file structure.tsv (TSV, C-alpha atoms)
chain	number	residue	atom	x	y	z
A	443	MET	CA	11.62	-10.07	-4.94
A	444	LYS	CA	8.25	-8.34	-4.64
A	445	PRO	CA	7.05	-8.16	-1.01
A	446	LEU	CA	3.85	-9.92	-0.04
A	447	LEU	CA	2.87	-6.98	2.18
A	448	ARG	CA	4.13	-3.41	1.82
A	449	LEU	CA	3.33	-0.36	3.91
A	450	ASP	CA	4.66	2.75	2.19
A	451	SER	CA	4.74	6.00	4.23
A	452	VAL	CA	1.55	5.06	6.09
A	453	SER	CA	0.06	7.47	8.61
A	454	LYS	CA	-3.13	7.10	10.62
A	455	SER	CA	-4.99	9.52	12.90
A	456	TYR	CA	-8.21	9.50	14.90
A	457	MET	CA	-10.27	12.47	16.01
A	458	ARG	CA	-11.03	12.61	19.75
A	459	GLY	CA	-13.35	15.56	20.03
A	460	PRO	CA	-11.48	18.57	18.67
A	461	ARG	CA	-8.10	16.82	18.98
A	462	GLU	CA	-6.35	14.78	16.33
A	463	LEU	CA	-4.49	11.77	17.70
A	464	ARG	CA	-1.71	10.68	15.36
A	465	ILE	CA	-1.28	6.93	15.85
A	466	LEU	CA	1.01	6.01	12.94
A	467	ARG	CA	3.55	8.41	11.45
A	468	ASP	CA	5.09	7.72	8.05
A	469	VAL	CA	5.44	3.95	8.62
A	470	SER	CA	7.15	1.92	5.88
A	471	LEU	CA	7.55	-1.85	6.14
A	472	ASP	CA	7.91	-4.87	3.84
A	473	VAL	CA	7.02	-8.47	4.67
A	474	HIS	CA	8.03	-11.16	2.18
A	475	ALA	CA	6.73	-14.69	1.78
A	476	GLY	CA	8.66	-16.96	4.15
A	477	GLU	CA	9.65	-14.04	6.39
A	478	PHE	CA	8.78	-13.56	10.07
A	479	VAL	CA	8.81	-9.87	11.04
A	480	GLY	CA	8.38	-8.79	14.65
A	481	ILE	CA	7.39	-5.37	15.99
A	482	TYR	CA	7.57	-4.39	19.63
A	483	GLY	CA	6.43	-1.26	21.47
A	484	GLN	CA	4.72	-0.01	24.60
A	485	ARG	CA	1.02	0.51	25.18
A	486	GLY	CA	-0.32	3.20	22.87
A	487	SER	CA	2.57	2.92	20.43
A	488	GLY	CA	0.19	1.95	17.60
A	489	LYS	CA	0.92	-1.77	17.18
A	490	THR	CA	-2.67	-2.99	16.90
A	491	THR	CA	-3.57	-0.09	14.60
A	492	LEU	CA	-0.61	-0.96	12.38
A	493	LEU	CA	-1.78	-4.58	12.13
A	494	ARG	CA	-5.37	-3.54	11.36
A	495	VAL	CA	-4.22	-1.18	8.63
A	496	ALA	CA	-1.94	-3.90	7.24
A	497	ALA	CA	-4.90	-6.31	7.14
A	498	GLY	CA	-7.13	-3.82	5.35
A	499	PHE	CA	-9.56	-3.63	8.28
A	500	GLU	CA	-8.84	0.11	8.47
A	501	ALA	CA	-7.75	2.47	5.72
A	502	PRO	CA	-4.59	4.55	6.21
A	503	GLY	CA	-5.01	8.29	6.50
A	504	SER	CA	-2.16	8.67	4.03
A	505	GLY	CA	0.32	6.37	2.37
A	506	VAL	CA	-0.27	3.06	0.59
A	507	VAL	CA	-0.81	-0.52	1.74
A	508	THR	CA	-0.30	-3.18	-0.93
A	509	PHE	CA	-0.88	-6.92	-0.79
A	510	ASP	CA	0.95	-8.86	-3.48
A	511	GLY	CA	1.43	-5.59	-5.36
A	512	VAL	CA	-2.24	-4.53	-5.27
A	513	ASP	CA	-3.30	-1.35	-3.46
A	514	VAL	CA	-5.70	-2.55	-0.76
A	515	ARG	CA	-7.68	0.71	-0.87
A	516	GLY	CA	-8.62	0.00	-4.49
A	517	ILE	CA	-10.08	-3.45	-3.76
A	518	ARG	CA	-13.87	-3.71	-3.79
A	519	ARG	CA	-15.46	-4.63	-0.46
A	520	ARG	CA	-16.54	-8.06	-1.73
A	521	ASP	CA	-13.04	-8.82	-2.97
A	522	LEU	CA	-11.51	-7.55	0.26
A	523	ALA	CA	-13.76	-9.92	2.21
A	524	ARG	CA	-12.54	-12.76	-0.01
A	525	LEU	CA	-8.96	-11.69	0.66
A	526	HIS	CA	-9.61	-11.95	4.40
A	527	ARG	CA	-11.21	-15.39	4.00
A	528	HIS	CA	-8.45	-16.90	1.89
A	529	ASP	CA	-5.19	-14.94	1.93
A	530	ILE	CA	-4.88	-12.99	5.19
A	531	GLY	CA	-5.08	-14.80	8.52
A	532	TRP	CA	-5.73	-12.81	11.70
A	533	VAL	CA	-4.82	-14.50	14.98
A	534	GLU	CA	-7.10	-13.30	17.77
A	535	ARG	CA	-7.64	-14.34	21.36
A	536	ALA	CA	-11.39	-13.78	21.46
A	537	GLY	CA	-12.29	-17.41	20.83
A	538	PRO	CA	-15.66	-18.72	19.59
A	539	GLN	CA	-18.88	-16.82	20.26
A	540	SER	CA	-20.39	-20.03	21.60
A	541	ARG	CA	-18.35	-21.24	24.57
A	542	GLU	CA	-19.92	-24.70	24.21
A	543	LEU	CA	-18.40	-25.23	20.75
A	544	PRO	CA	-15.69	-27.92	20.64
A	545	MET	CA	-12.42	-26.58	19.31
A	546	ARG	CA	-12.44	-28.87	16.27
A	547	ASP	CA	-15.70	-27.20	15.18
A	548	TYR	CA	-14.37	-23.72	15.96
A	549	VAL	CA	-11.26	-24.25	13.84
A	550	ALA	CA	-13.35	-25.81	11.05
A	551	LEU	CA	-16.00	-23.05	10.88
A	552	SER	CA	-14.44	-21.00	8.10
A	553	LEU	CA	-14.20	-24.07	5.82
A	554	TYR	CA	-17.71	-25.51	6.12
A	555	ARG	CA	-19.14	-23.72	3.10
A	556	ALA	CA	-16.09	-24.27	0.91
A	557	VAL	CA	-15.34	-27.97	1.50
A	558	GLY	CA	-18.24	-29.37	3.53
A	559	PRO	CA	-18.40	-30.38	7.23
A	560	ALA	CA	-16.54	-33.69	7.03
A	561	GLU	CA	-13.51	-32.31	5.15
A	562	ALA	CA	-13.55	-29.12	7.22
A	563	GLN	CA	-13.32	-31.12	10.44
A	564	ARG	CA	-10.59	-33.34	9.02
A	565	ARG	CA	-8.53	-30.25	8.16
A	566	ALA	CA	-9.28	-28.71	11.55
A	567	VAL	CA	-7.98	-31.76	13.41
A	568	ALA	CA	-4.87	-31.72	11.19
A	569	ALA	CA	-4.31	-28.00	11.90
A	570	LEU	CA	-4.65	-28.56	15.66
A	571	ALA	CA	-2.15	-31.42	15.48
A	572	LYS	CA	0.27	-29.29	13.47
A	573	VAL	CA	0.44	-26.67	16.23
A	574	GLY	CA	0.59	-29.28	18.99
A	575	ALA	CA	-2.96	-28.75	20.25
A	576	GLU	CA	-4.58	-32.02	19.18
A	577	ASP	CA	-5.68	-32.67	22.79
A	578	ALA	CA	-7.90	-29.57	22.55
A	579	ALA	CA	-10.01	-30.92	19.67
A	580	ASP	CA	-12.94	-31.96	21.89
A	581	ALA	CA	-12.39	-29.33	24.59
A	582	HIS	CA	-14.30	-26.09	25.13
A	583	TRP	CA	-12.66	-22.67	25.22
A	584	SER	CA	-13.35	-22.15	28.92
A	585	SER	CA	-11.37	-25.28	29.86
A	586	LEU	CA	-8.21	-24.32	27.95
A	587	SER	CA	-5.06	-22.75	29.37
A	588	ASP	CA	-3.77	-19.47	27.93
A	589	THR	CA	-1.18	-21.39	25.95
A	590	ALA	CA	-3.73	-23.85	24.52
A	591	ARG	CA	-6.01	-20.95	23.57
A	592	MET	CA	-3.22	-19.28	21.63
A	593	LEU	CA	-2.33	-22.52	19.84
A	594	VAL	CA	-6.00	-23.02	18.92
A	595	ALA	CA	-6.18	-19.41	17.69
A	596	ILE	CA	-3.16	-20.01	15.44
A	597	ALA	CA	-4.73	-23.24	14.12
A	598	HIS	CA	-7.97	-21.32	13.48
A	599	ALA	CA	-6.03	-18.89	11.28
A	600	LEU	CA	-3.76	-21.45	9.60
A	601	VAL	CA	-6.48	-23.94	8.63
A	602	ARG	CA	-7.44	-21.74	5.66
A	603	GLU	CA	-3.84	-21.82	4.42
A	604	PRO	CA	-3.43	-18.04	4.20
A	605	ARG	CA	-0.46	-16.36	2.57
A	606	LEU	CA	-0.06	-13.69	5.28
A	607	LEU	CA	-0.50	-14.14	9.03
A	608	LEU	CA	-1.02	-11.14	11.34
A	609	VAL	CA	-0.58	-11.83	15.05
A	610	ASP	CA	-1.30	-9.36	17.86
A	611	ASP	CA	0.53	-10.07	21.14
A	612	PRO	CA	0.49	-13.88	21.18
A	613	THR	CA	2.74	-14.07	24.27
A	614	ALA	CA	0.50	-12.32	26.82
A	615	GLY	CA	0.17	-14.34	30.02
A	616	LEU	CA	2.50	-17.12	28.87
A	617	SER	CA	5.49	-18.55	30.68
A	618	ILE	CA	8.93	-18.13	29.13
A	619	ILE	CA	8.88	-21.73	27.89
A	620	ASP	CA	5.41	-21.43	26.36
A	621	ARG	CA	6.27	-18.05	24.84
A	622	GLU	CA	9.26	-19.67	23.12
A	623	ARG	CA	7.01	-22.46	21.89
A	624	VAL	CA	4.43	-20.10	20.37
A	625	VAL	CA	6.91	-17.72	18.76
A	626	GLY	CA	9.00	-20.61	17.46
A	627	LEU	CA	5.83	-22.05	15.91
A	628	LEU	CA	5.21	-18.77	14.07
A	629	ARG	CA	8.74	-18.82	12.66
A	630	SER	CA	8.24	-22.40	11.52
A	631	ALA	CA	4.98	-21.40	9.82
A	632	ALA	CA	6.87	-18.73	7.89
A	633	GLU	CA	9.75	-20.96	6.87
A	634	ASP	CA	7.96	-24.28	6.27
A	635	ALA	CA	4.75	-23.00	4.66
A	636	GLY	CA	6.23	-19.91	3.02
A	637	LEU	CA	3.91	-17.54	4.88
A	638	GLY	CA	4.58	-13.92	5.55
A	639	VAL	CA	4.17	-13.43	9.32
A	640	LEU	CA	3.87	-10.03	11.01
A	641	MET	CA	3.72	-10.17	14.81
A	642	ALA	CA	3.34	-7.34	17.34
A	643	VAL	CA	4.38	-7.78	20.98
A	644	PRO	CA	5.11	-5.50	23.94
A	645	ASP	CA	8.69	-6.49	24.67
A	646	MET	CA	11.96	-7.31	22.97
A	647	PRO	CA	12.62	-10.84	24.36
A	648	ALA	CA	9.73	-12.29	22.33
A	649	MET	CA	11.51	-11.17	19.15
A	650	LEU	CA	14.33	-13.72	19.32
A	651	HIS	CA	12.87	-15.96	16.61
A	652	ALA	CA	12.00	-13.17	14.16
A	653	HIS	CA	13.95	-12.72	10.94
A	654	GLU	CA	13.58	-8.95	11.22
A	655	VAL	CA	12.87	-6.84	14.30
A	656	ARG	CA	11.50	-3.30	14.39
A	657	SER	CA	10.29	-1.13	17.24
A	658	LEU	CA	7.29	1.19	17.23
A	659	SER	CA	7.60	4.35	19.33
A	660	ARG	CA	5.12	7.23	19.28
A	661	GLY	CA	3.79	5.99	15.98
A	662	ARG	CA	7.16	5.76	14.24
A	663	LEU	CA	8.73	2.48	13.14
A	664	LEU	CA	12.42	2.18	14.01
A	665	ALA	CA	15.22	-0.29	13.59
A	666	PRO	CA	16.42	-1.44	17.06
A	667	ALA	CA	19.58	0.69	16.85
A	668	ASP	CA	17.74	3.87	15.82
A	669	PRO	CA	17.21	6.62	18.42
A	670	PRO	CA	13.60	7.12	19.52
A	671	PRO	CA	11.82	10.21	18.15
A	672	ASN	CA	11.86	13.55	19.97
A	673	GLY	CA	14.75	12.52	22.18
A	674	GLY	CA	12.72	9.92	24.09
A	675	ASN	CA	14.32	7.28	26.25
A	676	VAL	CA	14.86	3.84	24.77
A	677	VAL	CA	13.85	2.35	28.14
A	678	GLU	CA	10.24	2.86	27.03
A	679	PHE	CA	10.38	-0.08	24.59
A	680	PRO	CA	10.32	-3.14	26.88
A	681	GLY	CA	7.09	-2.08	28.59
A	682	GLY	CA	4.17	-4.20	29.70
A	683	GLU	CA	1.70	-3.39	26.95
A	684	ARG	CA	-1.18	-5.68	26.10
A	685	SER	CA	-2.91	-3.64	23.41
A	686	ALA	CA	-2.49	-0.50	21.35

call {"tool": "encode", "arguments": {"input": "structure.tsv", "output": "structure tokens"}}
result
Amino acid sequence: MKPLLRLDSVSKSYMRGPRELRILRDVSLDVHAGEFVGIYGQRGSGKTTLLRVAAGFEAPGSGVVTFDGVDVRGIRRRDLARLHRHDIGWVERAGPQSRELPMRDYVALSLYRAVGPAEAQRRAVAALAKVGAEDAADAHWSSLSDTARMLVAIAHALVREPRLLLVDDPTAGLSIIDRERVVGLLRSAAEDAGLGVLMAVPDMPAMLHAHEVRSLSRGRLLAPADPPPNGGNVVEFPGGERSA
């Protein structure tokens, strides 16, 4: 079966003055519809960069990223924007720009133009209920707990019914019980709605619900049993990273 998302030998570097920082090194990864793939790695391992390249927000330095068989680099900017609006959901913690916006309006924002305010709000309330955050519909971002914020962020991404969901560290600051709730919800989204879900987190325990688990170390993607590159110590993986 053709993967929904494919990274084929992807590398990515940034220039910092005269130095080249290699963030991703020959990364290959497939995510299929209905599959929940988890990646873990320490701070600076390249997790956020990998997700941004997978989403088409950044171009790879080398290698190919395809979505549903189409090379993302060959997509026109207008069509790429449409892809981000309809097919690729990005779960972020930033919340609404206006802190006075009720969460039902925040979740509905991306649908206003397509379906009108009334239908957008109806779908937003349904999305909040689906993730167990219906009590947040009339609340403001500043009044929400970390767990409620993450549930709202997932509803904000799911309300557009994307085909691929990219999630960067959804477990930060959560208790063990709430972490299980959030990660279990992402697995359910993959299995029940047929989404491809790619999640990046800083430690292995959050991976228990994933169908496939990979680790990212010094820019290289490894299976859990693989040795780290350059003879590094595997103890580096379960670190306390919050971004990459």

call {"tool": "residues_around", "arguments": {"input": "structure.tsv", "residues": "Ala568 (chain A)", "least_positions_apart": "4", "cutoff": "12 Å", "atoms": "only C-alpha atoms", "output": "MDAnalysis selection string"}}
result
chainID A and resid 546 549:550 561:564 572:579 594 597:598 600:602

call {"tool": "closest_residue", "arguments": {"input": "structure.tsv", "among": "A:Ala556, A:Ala571, A:Leu446, A:Leu525", "to": "Leu637 (chain A)", "atoms": "all atoms listed in the file"}}
result
A:Leu446

call {"tool": "atom_distance", "arguments": {"input": "structure.tsv", "atom1": "CA of Leu663 (chain A)", "atom2": "CA of Val469 (chain A)"}}
result
5.8 Å

call {"tool": "atom_distance", "arguments": {"input": "structure.tsv", "atom1": "CA of Thr490 (chain A)", "atom2": "CA of Val609 (chain A)"}}
result
9.3 Å

call {"tool": "closest_residue", "arguments": {"input": "structure.tsv", "among": "A:Leu522, A:Val479, A:Leu553, A:Ala536", "to": "His651 (chain A)", "atoms": "all atoms listed in the file"}}
result
A:Val479

call {"tool": "residues_around", "arguments": {"input": "structure.tsv", "residues": "Ala523 (chain A)", "least_positions_apart": "4", "cutoff": "12 Å", "atoms": "all atoms listed in the file", "output": "PyMOL selection string"}}
result
chain A and resi 497-499+514+517-519+527-531

call {"tool": "residues_around", "arguments": {"input": "structure.tsv", "residues": "region 638-647 of chain A", "least_positions_apart": "4", "cutoff": "8 Å", "atoms": "all atoms listed in the file", "output": "VMD selection string"}}
result
chain A and resid 446 to 447 473 to 485 489 to 490 493 605 to 613 628 to 629 632 679 to 684

call {"tool": "closest_residue", "arguments": {"input": "structure.tsv", "among": "A:Val655, A:Ala560, A:Leu449, A:Ala648", "to": "Asp620 (chain A)", "atoms": "only C-alpha atoms"}}
result
A:Ala648

call {"tool": "atom_distance", "arguments": {"input": "structure.tsv", "atom1": "CA of Leu664 (chain A)", "atom2": "CA of Met649 (chain A)"}}
result
14.3 Å

call {"tool": "closest_residue", "arguments": {"input": "structure.tsv", "among": "A:Phe509, A:Tyr456, A:Trp532, A:Trp583", "to": "Asp472 (chain A)", "atoms": "all atoms listed in the file"}}
result
A:Phe509

call {"tool": "closest_residue", "arguments": {"input": "structure.tsv", "among": "A:Gly486, A:Pro445, A:Pro559, A:Gly503", "to": "Met457 (chain A)", "atoms": "all atoms listed in the file"}}
result
A:Gly503

call {"tool": "closest_residue", "arguments": {"input": "structure.tsv", "among": "A:Val512, A:Leu543, A:Met443, A:Leu492", "to": "Ile465 (chain A)", "atoms": "only C-alpha atoms"}}
result
A:Leu492

call {"tool": "residues_near_point", "arguments": {"input": "structure.tsv", "point": "(-18.0, -24.5, 25.3)", "cutoff": "12 Å", "atoms": "only C-alpha atoms", "output": "PyMOL selection string"}}
result
chain A and resi 537-548+578-586
